[in-house]
Amino acid sequence: MYSEKTLNRFRKPKFSGEMKKADAVGEVGNFKCGDIMRIYLKVKNNIITDIKFKTYGCVAAIASTDMICELIKGKTIDEANKLTSKEVVKKLGDMPAVKIHCSVLGLNALKEAIGNYKKKHKKN
Amino acid sequence: MIYLDNAATTKVDSKVVKKMLPYFEKEFGNSSSIHERGLKAKEALENSRRIIANSINANPKEIYFTSGGTESNNLAIKGIAFASRDANKENNHIITTKIEHKCVMDACKWLETQGFRVTYLNVNQEGFIDLKQLEGSITKNTILVSVIHGNNEIGTIQDIEAIGKICKKHGVLFHSDACQSFTKTEINVVNQGVDLLTINAHKIHGPKGIGALYIKEGIKITPLNHGGGQERNIRSGTENVPGIVGFAEAVKIADKKNIPKMEKLRDELIDELLKIKGTKLNGPRNNRLCNNVNISFKGIEGEAIGGDLNDNGIASSTGSACAERNLDVSYVLTAIGCSHEEGNGSLRLSLSKYTTEKEIQTILKVMPKVVQRLRSISPYGKV
Ligand SMILES: Cc1ncc(COP(=O)(O)O)c(C=O)c1O
């Protein structure tokens, strides 16, 4: 059902974990599916230098969020904000249609985190 | 692969395969034909019918072959519904439960669109119906009570004898879906007062696509398949003779001695898994199918546990929303009061006669690691 790339990400996520002094955190939950996603960002000069995630989720949620993290590391926050679910799924080598929404979860958490970051920096 | 998804389907026993093979190339006749080949097929068919009838204390002519559990359940429920309403249009009420297999549930839901009224009985935390609620739900318009015998998700075995008594007292027909319990616990349609019983082959090491409906003699039922008049006009269509022969062989070789063996492994699995922190057993400790284990793990999703177990060569199943096409948590788990999180974190391990102590030991070694890994990824992993 899942692609080998998805399964490999699920088996050995590179970005799972917590971040102590994150510059921004984004959390979203979709209780219909039961998934909860949290993303931590470190940002320097508008560039995402580090990223971590925690999820209460399924195989698709874990694998796609890990892929998102890889795709946005080193990018500016505006670039990261433009990442689409299509690109993520393509990188993972397809995903069952019913699972696409699980991969959107990571992106939503990312957008939440970026939004929080921008809000914080406007004030300062 | 350690196969612990036997509630979904089982490996066909090689003795069953051997019995079936001649009926593909050699004795391939149509049991309705009047020549030698046809007679041989007919003989095999009736012999199989006898074996299956004996196993539930029925008369051979009360056994009707179908394409499996889904068809038997549909035939039982819709067939009785239509036949009863044809007799008297006030006959329009059916009672079932909130933990039926999807095919019973959806047949009942469809009947609601056809003018029937359906009561879905609640179950308690262990999945048992309340007999008083059942009796209280029967009205003068009630025609049928349909209650699953052994539940496919949480293993609860209902007291069908007590249900049968209540139905008899009120002159209401009683149907039970026994796909999961057949050969795994005592079934005697006479003593237990069952009027219609659904069984199939692929849960008992027989082939897929073959099942039967027991219909007590004298009960009027409207057929769903019209055609050549096979199965005494109740189920038209050329009989699946190889499947039927395989079904009968599976019944014949089912050995009661496997039940306590599975129970022992089941209990070991339950006891040890419950030692992992943040776990909960779904379904009862007693009156539980000998091969069913269903446990919820806090903070992680069953779908992800299943993914990790698969990587470790273990086949399991889950009631998690993310494994479902419609993204809802299993309605059976919801009915026994599981929270969304508990339903999502559920894992079903179902054993068979082939399951070994060594396999159980392997799972018990793998499971804590899987749970720990997924909890380390989860924001709710600290339990
Ligand atoms: C309790 C129960 N009823 C009905 C069915 C459906 O049977 P079948 O797959 O033979 O149509 C199953 C198995 O899927 C089952 O477990």
# chains A, B, ... in the order shown; residues from 1 in each chain; ligands from 1
>>> residues_around(residues="B:Glu303", least_positions_apart="5", cutoff="12 Å", atoms="only C-alpha atoms", output="PyMOL selection string")
(chain A and resi 10+33-35+56-62+99) or (chain B and resi 296-297+308-310+315-324+327+329+343-348+374)
>>> interface_residues(of="chain B", to="chain A", cutoff="7 Å", atoms="only C-alpha atoms", output="ChimeraX atom specification")
/B:299-301,303-304,307,321-322,325,327-328,341,344,377-380
>>> atom_distance(atom1="atom CA of B:Asn294", atom2="atom CA of B:Ala7")
11.3 Å
>>> residues_near_ligand(ligand="ligand 1", cutoff="8 Å", atoms="only C-alpha atoms and all ligand atoms", output="ChimeraX atom specification")
/B:7-9,67-73,100-104,148-152,177-180,198-203,208-211
>>> atom_distance(atom1="atom CA of B:Arg288", atom2="atom CA of B:Lys216")
26.9 Å
